[in-house]
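To be precise, the following lines are upload_12.cif, and they hold mmCIF, N, CA and C atoms.
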```cif
data_coords
#
loop_
_atom_site.label_atom_id
_atom_site.label_comp_id
_atom_site.auth_asym_id
_atom_site.auth_seq_id
_atom_site.Cartn_x
_atom_site.Cartn_y
_atom_site.Cartn_z
N MET A 1162 83.69 70.87 105.10
CA MET A 1162 84.79 71.09 106.00
C MET A 1162 84.70 72.53 106.54
N ILE A 1163 84.65 72.65 107.84
CA ILE A 1163 84.55 73.96 108.48
C ILE A 1163 85.95 74.41 108.87
N PRO A 1164 86.37 75.57 108.36
CA PRO A 1164 87.72 76.04 108.68
C PRO A 1164 87.83 76.50 110.12
N LYS A 1165 89.03 76.44 110.63
CA LYS A 1165 89.33 76.90 111.99
C LYS A 1165 90.13 78.19 111.90
N PRO A 1166 89.95 79.09 112.87
CA PRO A 1166 90.75 80.32 112.86
C PRO A 1166 92.22 80.02 113.16
N ASP A 1167 93.10 80.88 112.66
CA ASP A 1167 94.52 80.72 112.95
C ASP A 1167 94.82 81.26 114.34
N LYS A 1168 96.10 81.34 114.71
CA LYS A 1168 96.48 81.76 116.07
C LYS A 1168 96.08 83.19 116.38
N ASN A 1169 95.86 84.03 115.36
CA ASN A 1169 95.44 85.41 115.57
C ASN A 1169 93.92 85.57 115.53
N GLY A 1170 93.19 84.48 115.31
CA GLY A 1170 91.74 84.53 115.24
C GLY A 1170 91.21 84.86 113.86
N ASN A 1171 92.07 84.86 112.85
CA ASN A 1171 91.65 85.16 111.48
C ASN A 1171 91.32 83.88 110.73
N PHE A 1172 90.32 83.94 109.89
CA PHE A 1172 89.98 82.82 109.03
C PHE A 1172 90.63 83.04 107.67
N VAL A 1173 91.40 82.05 107.20
CA VAL A 1173 92.06 82.13 105.90
C VAL A 1173 91.46 81.05 105.02
N PHE A 1174 90.93 81.46 103.87
CA PHE A 1174 90.29 80.55 102.94
C PHE A 1174 91.16 80.44 101.69
N GLY A 1175 91.64 79.24 101.41
CA GLY A 1175 92.43 79.01 100.21
C GLY A 1175 91.55 78.64 99.04
N THR A 1176 92.18 78.14 98.00
CA THR A 1176 91.47 77.78 96.78
C THR A 1176 90.85 76.40 96.90
N SER A 1177 89.77 76.21 96.20
CA SER A 1177 89.08 74.94 96.17
C SER A 1177 89.98 73.85 95.61
N PHE A 1178 89.82 72.65 96.15
CA PHE A 1178 90.59 71.50 95.68
C PHE A 1178 90.30 71.21 94.21
N LEU A 1179 89.07 71.50 93.77
CA LEU A 1179 88.69 71.27 92.38
C LEU A 1179 89.43 72.18 91.41
N LYS A 1180 89.97 73.27 91.91
CA LYS A 1180 90.70 74.21 91.07
C LYS A 1180 92.20 73.87 91.03
N VAL A 1181 92.71 73.25 92.09
CA VAL A 1181 94.14 72.97 92.18
C VAL A 1181 94.51 71.67 91.48
N VAL A 1182 93.64 70.66 91.54
CA VAL A 1182 93.96 69.34 90.98
C VAL A 1182 94.27 69.39 89.48
N PRO A 1183 93.47 70.07 88.65
CA PRO A 1183 93.82 70.12 87.22
C PRO A 1183 95.16 70.80 86.96
N LEU A 1184 95.47 71.82 87.75
CA LEU A 1184 96.75 72.50 87.56
C LEU A 1184 97.92 71.58 87.94
N LEU A 1185 97.77 70.84 89.03
CA LEU A 1185 98.81 69.88 89.41
C LEU A 1185 98.97 68.78 88.37
N THR A 1186 97.86 68.33 87.82
CA THR A 1186 97.89 67.30 86.78
C THR A 1186 98.62 67.81 85.55
N LEU A 1187 98.33 69.03 85.14
CA LEU A 1187 99.03 69.63 83.99
C LEU A 1187 100.53 69.73 84.26
N ALA A 1188 100.90 70.16 85.45
CA ALA A 1188 102.31 70.31 85.78
C ALA A 1188 103.02 68.96 85.76
N ILE A 1189 102.41 67.94 86.34
CA ILE A 1189 103.04 66.61 86.39
C ILE A 1189 103.18 66.01 84.99
N PHE A 1190 102.12 66.09 84.18
CA PHE A 1190 102.21 65.53 82.83
C PHE A 1190 103.18 66.32 81.95
N SER A 1191 103.30 67.61 82.17
CA SER A 1191 104.26 68.40 81.41
C SER A 1191 105.68 67.96 81.71
N VAL A 1192 105.97 67.75 82.99
CA VAL A 1192 107.31 67.28 83.37
C VAL A 1192 107.57 65.89 82.80
N LEU A 1193 106.57 65.01 82.86
CA LEU A 1193 106.71 63.67 82.31
C LEU A 1193 107.00 63.71 80.81
N ILE A 1194 106.30 64.55 80.07
CA ILE A 1194 106.52 64.66 78.62
C ILE A 1194 107.90 65.24 78.34
N ILE A 1195 108.33 66.23 79.14
CA ILE A 1195 109.66 66.80 78.95
C ILE A 1195 110.73 65.74 79.15
N VAL A 1196 110.60 64.95 80.22
CA VAL A 1196 111.61 63.92 80.51
C VAL A 1196 111.64 62.86 79.41
N LEU A 1197 110.48 62.38 79.00
CA LEU A 1197 110.44 61.36 77.94
C LEU A 1197 110.95 61.90 76.61
N SER A 1198 110.64 63.14 76.31
CA SER A 1198 111.13 63.75 75.07
C SER A 1198 112.64 63.94 75.11
N ALA A 1199 113.16 64.35 76.26
CA ALA A 1199 114.61 64.52 76.39
C ALA A 1199 115.32 63.17 76.27
N ILE A 1200 114.74 62.12 76.82
CA ILE A 1200 115.34 60.79 76.70
C ILE A 1200 115.33 60.33 75.26
N SER A 1201 114.21 60.51 74.56
CA SER A 1201 114.15 60.09 73.15
C SER A 1201 115.09 60.93 72.29
N LEU A 1202 115.29 62.19 72.63
CA LEU A 1202 116.23 63.04 71.89
C LEU A 1202 117.66 62.60 72.14
N ALA A 1203 117.97 62.24 73.40
CA ALA A 1203 119.33 61.82 73.75
C ALA A 1203 119.69 60.47 73.15
N THR A 1204 118.73 59.56 73.06
CA THR A 1204 119.01 58.24 72.51
C THR A 1204 118.96 58.23 70.99
N GLY A 1205 118.43 59.27 70.40
CA GLY A 1205 118.37 59.37 68.94
C GLY A 1205 117.23 58.60 68.32
N GLU A 1206 116.22 58.26 69.09
CA GLU A 1206 115.08 57.53 68.55
C GLU A 1206 114.25 58.38 67.59
N ASN A 1207 114.23 59.67 67.79
CA ASN A 1207 113.48 60.56 66.91
C ASN A 1207 114.43 61.19 65.91
N MET A 1208 114.03 61.15 64.67
CA MET A 1208 114.86 61.76 63.64
C MET A 1208 114.56 63.26 63.51
N GLY A 1209 113.37 63.69 63.89
CA GLY A 1209 113.00 65.10 63.80
C GLY A 1209 113.28 65.81 65.12
N ALA A 1210 114.49 66.28 65.30
CA ALA A 1210 114.88 66.93 66.56
C ALA A 1210 114.14 68.24 66.77
N GLY A 1211 113.77 68.92 65.70
CA GLY A 1211 113.07 70.20 65.82
C GLY A 1211 111.71 70.04 66.49
N GLY A 1212 110.97 69.00 66.12
CA GLY A 1212 109.66 68.75 66.72
C GLY A 1212 109.76 68.41 68.20
N VAL A 1213 110.80 67.66 68.56
CA VAL A 1213 111.00 67.29 69.96
C VAL A 1213 111.35 68.53 70.79
N ILE A 1214 112.17 69.40 70.24
CA ILE A 1214 112.55 70.61 70.95
C ILE A 1214 111.35 71.53 71.14
N ILE A 1215 110.53 71.64 70.12
CA ILE A 1215 109.30 72.44 70.24
C ILE A 1215 108.38 71.85 71.31
N ARG A 1216 108.27 70.51 71.33
CA ARG A 1216 107.45 69.84 72.35
C ARG A 1216 107.99 70.12 73.75
N ILE A 1217 109.29 70.07 73.92
CA ILE A 1217 109.91 70.34 75.23
C ILE A 1217 109.65 71.78 75.66
N ILE A 1218 109.83 72.72 74.73
CA ILE A 1218 109.62 74.14 75.06
C ILE A 1218 108.16 74.41 75.40
N SER A 1219 107.23 73.86 74.63
CA SER A 1219 105.81 74.11 74.92
C SER A 1219 105.38 73.47 76.24
N CYS A 1220 105.90 72.31 76.57
CA CYS A 1220 105.59 71.68 77.86
C CYS A 1220 106.22 72.47 79.01
N ALA A 1221 107.38 73.05 78.79
CA ALA A 1221 108.00 73.87 79.83
C ALA A 1221 107.16 75.12 80.09
N VAL A 1222 106.60 75.70 79.03
CA VAL A 1222 105.73 76.87 79.20
C VAL A 1222 104.45 76.48 79.95
N ILE A 1223 103.86 75.35 79.60
CA ILE A 1223 102.65 74.88 80.30
C ILE A 1223 102.97 74.61 81.77
N PHE A 1224 104.11 74.01 82.05
CA PHE A 1224 104.52 73.76 83.43
C PHE A 1224 104.68 75.08 84.20
N ALA A 1225 105.35 76.04 83.59
CA ALA A 1225 105.58 77.33 84.26
C ALA A 1225 104.26 78.04 84.56
N ILE A 1226 103.33 78.04 83.61
CA ILE A 1226 102.03 78.68 83.82
C ILE A 1226 101.24 77.97 84.91
N SER A 1227 101.27 76.64 84.92
CA SER A 1227 100.55 75.87 85.95
C SER A 1227 101.10 76.17 87.34
N VAL A 1228 102.40 76.17 87.47
CA VAL A 1228 103.02 76.46 88.77
C VAL A 1228 102.71 77.89 89.20
N PHE A 1229 102.76 78.83 88.27
CA PHE A 1229 102.43 80.22 88.59
C PHE A 1229 100.99 80.34 89.09
N MET A 1230 100.06 79.64 88.43
CA MET A 1230 98.65 79.70 88.84
C MET A 1230 98.43 79.03 90.19
N ILE A 1231 99.20 78.00 90.51
CA ILE A 1231 99.08 77.35 91.82
C ILE A 1231 99.62 78.26 92.91
N VAL A 1232 100.75 78.89 92.67
CA VAL A 1232 101.38 79.75 93.67
C VAL A 1232 100.57 81.02 93.89
N CYS A 1233 100.03 81.60 92.83
CA CYS A 1233 99.33 82.88 92.92
C CYS A 1233 97.82 82.72 93.06
N ARG A 1234 97.35 81.64 93.62
CA ARG A 1234 95.91 81.46 93.78
C ARG A 1234 95.39 82.39 94.87
N PRO A 1235 94.11 82.76 94.77
CA PRO A 1235 93.56 83.75 95.70
C PRO A 1235 93.40 83.20 97.12
N LYS A 1236 93.61 84.09 98.09
CA LYS A 1236 93.39 83.77 99.50
C LYS A 1236 92.51 84.86 100.09
N TYR A 1237 91.37 84.45 100.63
CA TYR A 1237 90.46 85.36 101.30
C TYR A 1237 90.70 85.25 102.80
N VAL A 1238 90.74 86.40 103.47
CA VAL A 1238 91.00 86.45 104.91
C VAL A 1238 89.88 87.25 105.57
N ILE A 1239 89.31 86.68 106.63
CA ILE A 1239 88.31 87.38 107.43
C ILE A 1239 88.93 87.61 108.81
N THR A 1240 89.15 88.88 109.14
CA THR A 1240 89.71 89.24 110.44
C THR A 1240 88.58 89.70 111.34
N ASN A 1241 88.92 90.30 112.47
CA ASN A 1241 87.90 90.83 113.37
C ASN A 1241 87.35 92.17 112.91
N GLU A 1242 87.99 92.81 111.92
CA GLU A 1242 87.58 94.14 111.48
C GLU A 1242 87.32 94.26 109.99
N LYS A 1243 87.78 93.30 109.19
CA LYS A 1243 87.64 93.44 107.75
C LYS A 1243 87.69 92.08 107.06
N ILE A 1244 87.33 92.10 105.77
CA ILE A 1244 87.51 90.96 104.89
C ILE A 1244 88.41 91.44 103.76
N LEU A 1245 89.29 90.56 103.29
CA LEU A 1245 90.18 90.98 102.20
C LEU A 1245 90.52 89.82 101.30
N LEU A 1246 90.74 90.14 100.04
CA LEU A 1246 91.33 89.23 99.08
C LEU A 1246 92.78 89.62 99.06
N TYR A 1247 93.63 88.74 99.55
CA TYR A 1247 95.03 89.06 99.81
C TYR A 1247 95.70 89.68 98.57
N GLY A 1248 96.17 90.91 98.73
CA GLY A 1248 96.89 91.60 97.68
C GLY A 1248 96.03 92.34 96.66
N LYS A 1249 94.68 92.23 96.76
CA LYS A 1249 93.84 92.88 95.76
C LYS A 1249 92.89 93.91 96.35
N TRP A 1250 92.10 93.53 97.36
CA TRP A 1250 91.17 94.48 97.96
C TRP A 1250 90.91 94.12 99.40
N GLU A 1251 90.41 95.11 100.14
CA GLU A 1251 89.99 94.88 101.52
C GLU A 1251 88.80 95.79 101.82
N ILE A 1252 87.88 95.27 102.63
CA ILE A 1252 86.69 96.01 103.01
C ILE A 1252 86.54 95.93 104.52
N TYR A 1253 86.47 97.07 105.15
CA TYR A 1253 86.22 97.10 106.59
C TYR A 1253 84.74 96.83 106.83
N PHE A 1254 84.44 96.16 107.94
CA PHE A 1254 83.05 95.82 108.24
C PHE A 1254 82.16 97.05 108.35
N SER A 1255 82.74 98.17 108.75
CA SER A 1255 81.95 99.40 108.86
C SER A 1255 81.49 99.90 107.49
N GLU A 1256 82.15 99.49 106.41
CA GLU A 1256 81.80 99.91 105.06
C GLU A 1256 80.79 98.98 104.39
N ILE A 1257 80.58 97.78 104.94
CA ILE A 1257 79.70 96.79 104.30
C ILE A 1257 78.24 97.15 104.56
N GLU A 1258 77.49 97.21 103.48
CA GLU A 1258 76.07 97.52 103.57
C GLU A 1258 75.21 96.26 103.51
N GLN A 1259 75.62 95.28 102.69
CA GLN A 1259 74.80 94.09 102.51
C GLN A 1259 75.68 92.93 102.03
N VAL A 1260 75.33 91.72 102.49
CA VAL A 1260 75.99 90.50 102.04
C VAL A 1260 74.92 89.57 101.49
N ASN A 1261 75.05 89.20 100.22
CA ASN A 1261 74.08 88.31 99.56
C ASN A 1261 74.77 87.00 99.19
N VAL A 1262 74.09 85.89 99.46
CA VAL A 1262 74.60 84.57 99.07
C VAL A 1262 73.78 84.08 97.90
N HIS A 1263 74.46 83.80 96.79
CA HIS A 1263 73.82 83.23 95.61
C HIS A 1263 74.26 81.77 95.54
N ASP A 1264 73.41 80.90 96.07
CA ASP A 1264 73.74 79.48 96.16
C ASP A 1264 73.10 78.73 95.00
N ASN A 1265 73.57 79.02 93.79
CA ASN A 1265 73.07 78.33 92.61
C ASN A 1265 74.19 77.43 92.07
N ILE A 1266 74.17 77.12 90.80
CA ILE A 1266 75.16 76.22 90.22
C ILE A 1266 76.57 76.78 90.39
N LEU A 1267 76.78 78.02 90.06
CA LEU A 1267 78.10 78.61 90.18
C LEU A 1267 78.40 79.01 91.63
N GLY A 1268 77.47 79.63 92.29
CA GLY A 1268 77.61 80.02 93.69
C GLY A 1268 78.60 81.14 93.91
N MET A 1269 78.16 82.14 94.68
CA MET A 1269 79.05 83.24 95.04
C MET A 1269 78.45 84.04 96.18
N VAL A 1270 79.32 84.76 96.86
CA VAL A 1270 78.89 85.71 97.88
C VAL A 1270 79.12 87.09 97.30
N GLU A 1271 78.09 87.91 97.35
CA GLU A 1271 78.17 89.27 96.81
C GLU A 1271 78.19 90.23 98.00
N ILE A 1272 79.22 91.05 98.07
CA ILE A 1272 79.37 92.00 99.17
C ILE A 1272 79.18 93.40 98.61
N ASN A 1273 78.13 94.07 99.07
CA ASN A 1273 77.87 95.45 98.68
C ASN A 1273 78.43 96.36 99.77
N ALA A 1274 79.35 97.20 99.38
CA ALA A 1274 79.99 98.12 100.32
C ALA A 1274 79.88 99.54 99.80
N LYS A 1275 80.25 100.49 100.64
CA LYS A 1275 80.22 101.90 100.25
C LYS A 1275 81.19 102.17 99.11
N CYS A 1276 82.25 101.40 99.03
CA CYS A 1276 83.29 101.61 98.01
C CYS A 1276 83.08 100.78 96.75
N GLY A 1277 82.00 99.98 96.68
CA GLY A 1277 81.73 99.20 95.49
C GLY A 1277 81.14 97.84 95.81
N GLN A 1278 81.10 97.00 94.78
CA GLN A 1278 80.55 95.66 94.91
C GLN A 1278 81.65 94.64 94.66
N PHE A 1279 81.74 93.63 95.52
CA PHE A 1279 82.77 92.62 95.43
C PHE A 1279 82.13 91.25 95.45
N THR A 1280 82.68 90.32 94.68
CA THR A 1280 82.14 88.96 94.65
C THR A 1280 83.21 87.97 95.07
N VAL A 1281 82.77 86.92 95.74
CA VAL A 1281 83.63 85.83 96.15
C VAL A 1281 83.05 84.56 95.53
N PRO A 1282 83.65 84.06 94.43
CA PRO A 1282 83.13 82.85 93.78
C PRO A 1282 83.36 81.61 94.64
N ALA A 1283 82.47 80.64 94.52
CA ALA A 1283 82.57 79.41 95.30
C ALA A 1283 83.82 78.62 94.95
N PHE A 1284 84.26 78.68 93.70
CA PHE A 1284 85.43 77.91 93.29
C PHE A 1284 86.73 78.50 93.84
N ASP A 1285 86.67 79.70 94.40
CA ASP A 1285 87.85 80.30 95.01
C ASP A 1285 87.97 79.96 96.49
N LEU A 1286 87.06 79.15 97.02
CA LEU A 1286 87.05 78.86 98.44
C LEU A 1286 87.29 77.38 98.71
N SER A 1287 87.96 77.11 99.81
CA SER A 1287 88.25 75.74 100.20
C SER A 1287 87.16 75.14 101.09
N CYS A 1288 86.05 75.86 101.25
CA CYS A 1288 84.93 75.38 102.05
C CYS A 1288 83.64 75.73 101.31
N PRO A 1289 82.50 75.19 101.76
CA PRO A 1289 81.23 75.55 101.11
C PRO A 1289 80.94 77.05 101.25
N ILE A 1290 80.26 77.59 100.26
CA ILE A 1290 79.97 79.02 100.21
C ILE A 1290 79.10 79.45 101.39
N LYS A 1291 78.20 78.57 101.85
CA LYS A 1291 77.34 78.91 102.98
C LYS A 1291 78.15 79.07 104.27
N VAL A 1292 79.17 78.23 104.45
CA VAL A 1292 80.02 78.32 105.64
C VAL A 1292 80.78 79.65 105.63
N PHE A 1293 81.31 80.02 104.46
CA PHE A 1293 82.01 81.30 104.33
C PHE A 1293 81.09 82.46 104.68
N ALA A 1294 79.86 82.43 104.15
CA ALA A 1294 78.90 83.50 104.40
C ALA A 1294 78.51 83.55 105.88
N GLU A 1295 78.35 82.40 106.52
CA GLU A 1295 78.00 82.36 107.94
C GLU A 1295 79.11 82.97 108.79
N ILE A 1296 80.36 82.61 108.49
CA ILE A 1296 81.49 83.16 109.24
C ILE A 1296 81.57 84.67 109.05
N LEU A 1297 81.37 85.12 107.80
CA LEU A 1297 81.43 86.55 107.51
C LEU A 1297 80.32 87.31 108.24
N THR A 1298 79.09 86.83 108.18
CA THR A 1298 78.00 87.54 108.85
C THR A 1298 78.14 87.49 110.37
N GLU A 1299 78.67 86.39 110.89
CA GLU A 1299 78.91 86.32 112.34
C GLU A 1299 79.95 87.35 112.77
N ARG A 1300 81.03 87.45 112.00
CA ARG A 1300 82.07 88.44 112.33
C ARG A 1300 81.54 89.86 112.21
N ILE A 1301 80.70 90.13 111.22
CA ILE A 1301 80.13 91.46 111.05
C ILE A 1301 79.23 91.80 112.23
N SER A 1302 78.39 90.85 112.65
CA SER A 1302 77.49 91.12 113.78
C SER A 1302 78.27 91.31 115.08
N VAL A 1303 79.33 90.54 115.32
CA VAL A 1303 80.16 90.73 116.51
C VAL A 1303 80.82 92.09 116.47
N TYR A 1304 81.29 92.51 115.29
CA TYR A 1304 81.92 93.82 115.13
C TYR A 1304 80.92 94.94 115.43
N GLU A 1305 79.69 94.80 114.91
CA GLU A 1305 78.66 95.84 115.14
C GLU A 1305 78.27 95.89 116.60
N GLN A 1306 78.17 94.75 117.28
CA GLN A 1306 77.83 94.74 118.71
C GLN A 1306 78.94 95.38 119.54
N ARG A 1307 80.16 95.11 119.18
CA ARG A 1307 81.31 95.66 119.90
C ARG A 1307 81.42 97.17 119.74
N ASN A 1308 81.06 97.68 118.58
CA ASN A 1308 81.21 99.10 118.29
C ASN A 1308 79.93 99.92 118.51
N SER A 1309 78.89 99.31 119.03
CA SER A 1309 77.67 100.09 119.26
C SER A 1309 77.54 100.53 120.71
#
```
This entry written out as structure tokens:
Amino acid sequence: MIPKPDKNGNFVFGTSFLKVVPLLTLAIFSVLIIVLSAISLATGENMGAGGVIIRIISCAVIFAISVFMIVCRPKYVITNEKILLYGKWEIYFSEIEQVNVHDNILGMVEINAKCGQFTVPAFDLSCPIKVFAEILTERISVYEQRNS
């Protein structure tokens, strides 16, 4: 799936579907267990109320962590002048020295810049790693042509 730029011409890359599905599954099953445990506690089917309460509390914690991880998932943005991991780092194209694509089992894009080295794992992207790298290198070359 090739992403399209937004109305400002920026490419926004969300998290891979393979990373979100297990978290959604955990959240749904946690809610299901909480509801069934609360029903069994209310009807009095379980004699050990302490175990049911512990089960409800632990499932609530799992639900909260899953929702937090879904909401706070990484978003990479490629603009006309920079690439950034929303809220963590940003690199202007003028600072980038080299972009390497490691297309192996794990897969990642390695960005060498004047301010350090940054990696973009394949599981953090909603598109193939090669597409991300192509968009990034295209934007860098357009930026260099415009500023030369």
Worksheet item: Counting all atoms listed in the file, what is within 8 Å of Ser1198 in chain A, bar same-chain residues fewer than 3 positions away, as a PyMOL selection string?
Response: chain A and resi 1192-1195+1201-1204+1213-1214+1216-1217
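Those residues that approach Val1173 in chain A to within 7 Å, counting only C-alpha atoms, are Asn1171, Gly1175, Lys1236, Tyr1237, Val1238 and Ile1239 of chain A; same-chain residues fewer than 2 positions away are not listed.
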Worksheet item: Which distance in Å separates atom C of Val1270 in chain A and atom N of Ala1283 in chain A, to one decimal?
Response: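 Answer for the atom C of Val1270 in chain A to atom N of Ala1283 in chain A separation: 7.8 Å.
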Practice prompt. Name all residues at most 8 Å from Ile1290 in chain A (count all atoms listed in the file; drop same-chain ones fewer than 4 positions away) and give them as a PyMOL selection string.
Written response: chain A and resi 1262-1264+1268-1270+1281-1284+1286+1294-1296
Item to complete: Run the PyMOL selection byres (((chain A and resi 1274 and name CA) around 9) and name CA) mentally over the shown coordinates, then write out the matched residues as a PyMOL selection string, using the chain letters and numbers from the document.
Response: chain A and resi 1252-1260+1272-1273+1275-1279
Discussion item. So, with only N, CA and C atoms as the atoms that count, which of A:Asn1241, A:Ile1266, A:Ile1223, A:Glu1299 lies closest to Gly1170 in chain A?
Written reply: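 Smallest distance to Gly1170 in chain A is found for A:Asn1241.
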Worksheet entry | Selected residue of minimal separation from Thr1280 in chain A among A:Tyr1304, A:Phe1178, A:Trp1250, A:Phe1224, counting only C-alpha atoms |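 Ranking A:Tyr1304, A:Phe1178, A:Trp1250, A:Phe1224 by distance to Thr1280 in chain A, first place goes to A:Trp1250.
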Discussion item. Could you go through chain A and tell me which residues DSSP, when run on the backbone, assigns to helix (DSSP H, G or I), listing them as a PyMOL selection string?
Written reply: chain A and resi 1178-1204+1210-1232+1254-1256+1283-1285+1290-1307
Enumerate as a CSV table (one decimal) with N, CA and C atoms, keeping the file's coordinate frame all residues of range 1202-1284 of chain A assigned to strand (DSSP E or B) by DSSP on the backbone, naming them with the chain letters and numbers the document uses.
```csv
chain,number,residue,atom,x,y,z
A,1237,TYR,N,91.4,84.4,100.6
A,1237,TYR,CA,90.5,85.4,101.3
A,1237,TYR,C,90.7,85.2,102.8
A,1238,VAL,N,90.7,86.4,103.5
A,1238,VAL,CA,91.0,86.4,104.9
A,1238,VAL,C,89.9,87.2,105.6
A,1239,ILE,N,89.3,86.7,106.6
A,1239,ILE,CA,88.3,87.4,107.4
A,1239,ILE,C,88.9,87.6,108.8
A,1243,LYS,N,87.8,93.3,109.2
A,1243,LYS,CA,87.6,93.4,107.8
A,1243,LYS,C,87.7,92.1,107.1
A,1244,ILE,N,87.3,92.1,105.8
A,1244,ILE,CA,87.5,91.0,104.9
A,1244,ILE,C,88.4,91.4,103.8
A,1245,LEU,N,89.3,90.6,103.3
A,1245,LEU,CA,90.2,91.0,102.2
A,1245,LEU,C,90.5,89.8,101.3
A,1246,LEU,N,90.7,90.1,100.0
A,1246,LEU,CA,91.3,89.2,99.1
A,1246,LEU,C,92.8,89.6,99.1
A,1250,TRP,N,92.1,93.5,97.4
A,1250,TRP,CA,91.2,94.5,98.0
A,1250,TRP,C,90.9,94.1,99.4
A,1251,GLU,N,90.4,95.1,100.1
A,1251,GLU,CA,90.0,94.9,101.5
A,1251,GLU,C,88.8,95.8,101.8
A,1252,ILE,N,87.9,95.3,102.6
A,1252,ILE,CA,86.7,96.0,103.0
A,1252,ILE,C,86.5,95.9,104.5
A,1253,TYR,N,86.5,97.1,105.2
A,1253,TYR,CA,86.2,97.1,106.6
A,1253,TYR,C,84.7,96.8,106.8
A,1257,ILE,N,80.6,97.8,104.9
A,1257,ILE,CA,79.7,96.8,104.3
A,1257,ILE,C,78.2,97.2,104.6
A,1258,GLU,N,77.5,97.2,103.5
A,1258,GLU,CA,76.1,97.5,103.6
A,1258,GLU,C,75.2,96.3,103.5
A,1259,GLN,N,75.6,95.3,102.7
A,1259,GLN,CA,74.8,94.1,102.5
A,1259,GLN,C,75.7,92.9,102.0
A,1260,VAL,N,75.3,91.7,102.5
A,1260,VAL,CA,76.0,90.5,102.0
A,1260,VAL,C,74.9,89.6,101.5
A,1261,ASN,N,75.0,89.2,100.2
A,1261,ASN,CA,74.1,88.3,99.6
A,1261,ASN,C,74.8,87.0,99.2
A,1262,VAL,N,74.1,85.9,99.5
A,1262,VAL,CA,74.6,84.6,99.1
A,1262,VAL,C,73.8,84.1,97.9
A,1263,HIS,N,74.5,83.8,96.8
A,1263,HIS,CA,73.8,83.2,95.6
A,1263,HIS,C,74.3,81.8,95.5
A,1269,MET,N,78.2,82.1,94.7
A,1269,MET,CA,79.0,83.2,95.0
A,1269,MET,C,78.4,84.0,96.2
A,1270,VAL,N,79.3,84.8,96.9
A,1270,VAL,CA,78.9,85.7,97.9
A,1270,VAL,C,79.1,87.1,97.3
A,1271,GLU,N,78.1,87.9,97.4
A,1271,GLU,CA,78.2,89.3,96.8
A,1271,GLU,C,78.2,90.2,98.0
A,1272,ILE,N,79.2,91.0,98.1
A,1272,ILE,CA,79.4,92.0,99.2
A,1272,ILE,C,79.2,93.4,98.6
A,1273,ASN,N,78.1,94.1,99.1
A,1273,ASN,CA,77.9,95.4,98.7
A,1273,ASN,C,78.4,96.4,99.8
A,1274,ALA,N,79.4,97.2,99.4
A,1274,ALA,CA,80.0,98.1,100.3
A,1274,ALA,C,79.9,99.5,99.8
A,1277,GLY,N,82.0,100.0,96.7
A,1277,GLY,CA,81.7,99.2,95.5
A,1277,GLY,C,81.1,97.8,95.8
A,1278,GLN,N,81.1,97.0,94.8
A,1278,GLN,CA,80.6,95.7,94.9
A,1278,GLN,C,81.6,94.6,94.7
A,1279,PHE,N,81.7,93.6,95.5
A,1279,PHE,CA,82.8,92.6,95.4
A,1279,PHE,C,82.1,91.2,95.4
A,1280,THR,N,82.7,90.3,94.7
A,1280,THR,CA,82.1,89.0,94.6
A,1280,THR,C,83.2,88.0,95.1
A,1281,VAL,N,82.8,86.9,95.7
A,1281,VAL,CA,83.6,85.8,96.2
A,1281,VAL,C,83.0,84.6,95.5
A,1282,PRO,N,83.6,84.1,94.4
A,1282,PRO,CA,83.1,82.8,93.8
A,1282,PRO,C,83.4,81.6,94.6
```
Practice prompt. Quote the spacing between CA of Val1181 in chain A and atom C of Ile1218 in chain A in Å to one decimal place.
Written response: 21.9 Å
Worksheet entry | Atom-to-atom span, atom C of Gly1209 in chain A and atom C of Ala1225 in chain A, Å |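 Interatomic distance here is 24.7 Å.
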Please return the centre and edge lengths, in Å to one decimal, of a box with edges along x, y and z that contains all listed atoms of range 1178-1185 of chain A, widened by 6 Å on every side, as JSON.
```
{"center_x": 93.8, "center_y": 71.5, "center_z": 91.6, "size_x": 22.3, "size_y": 17.4, "size_z": 21.2}
```
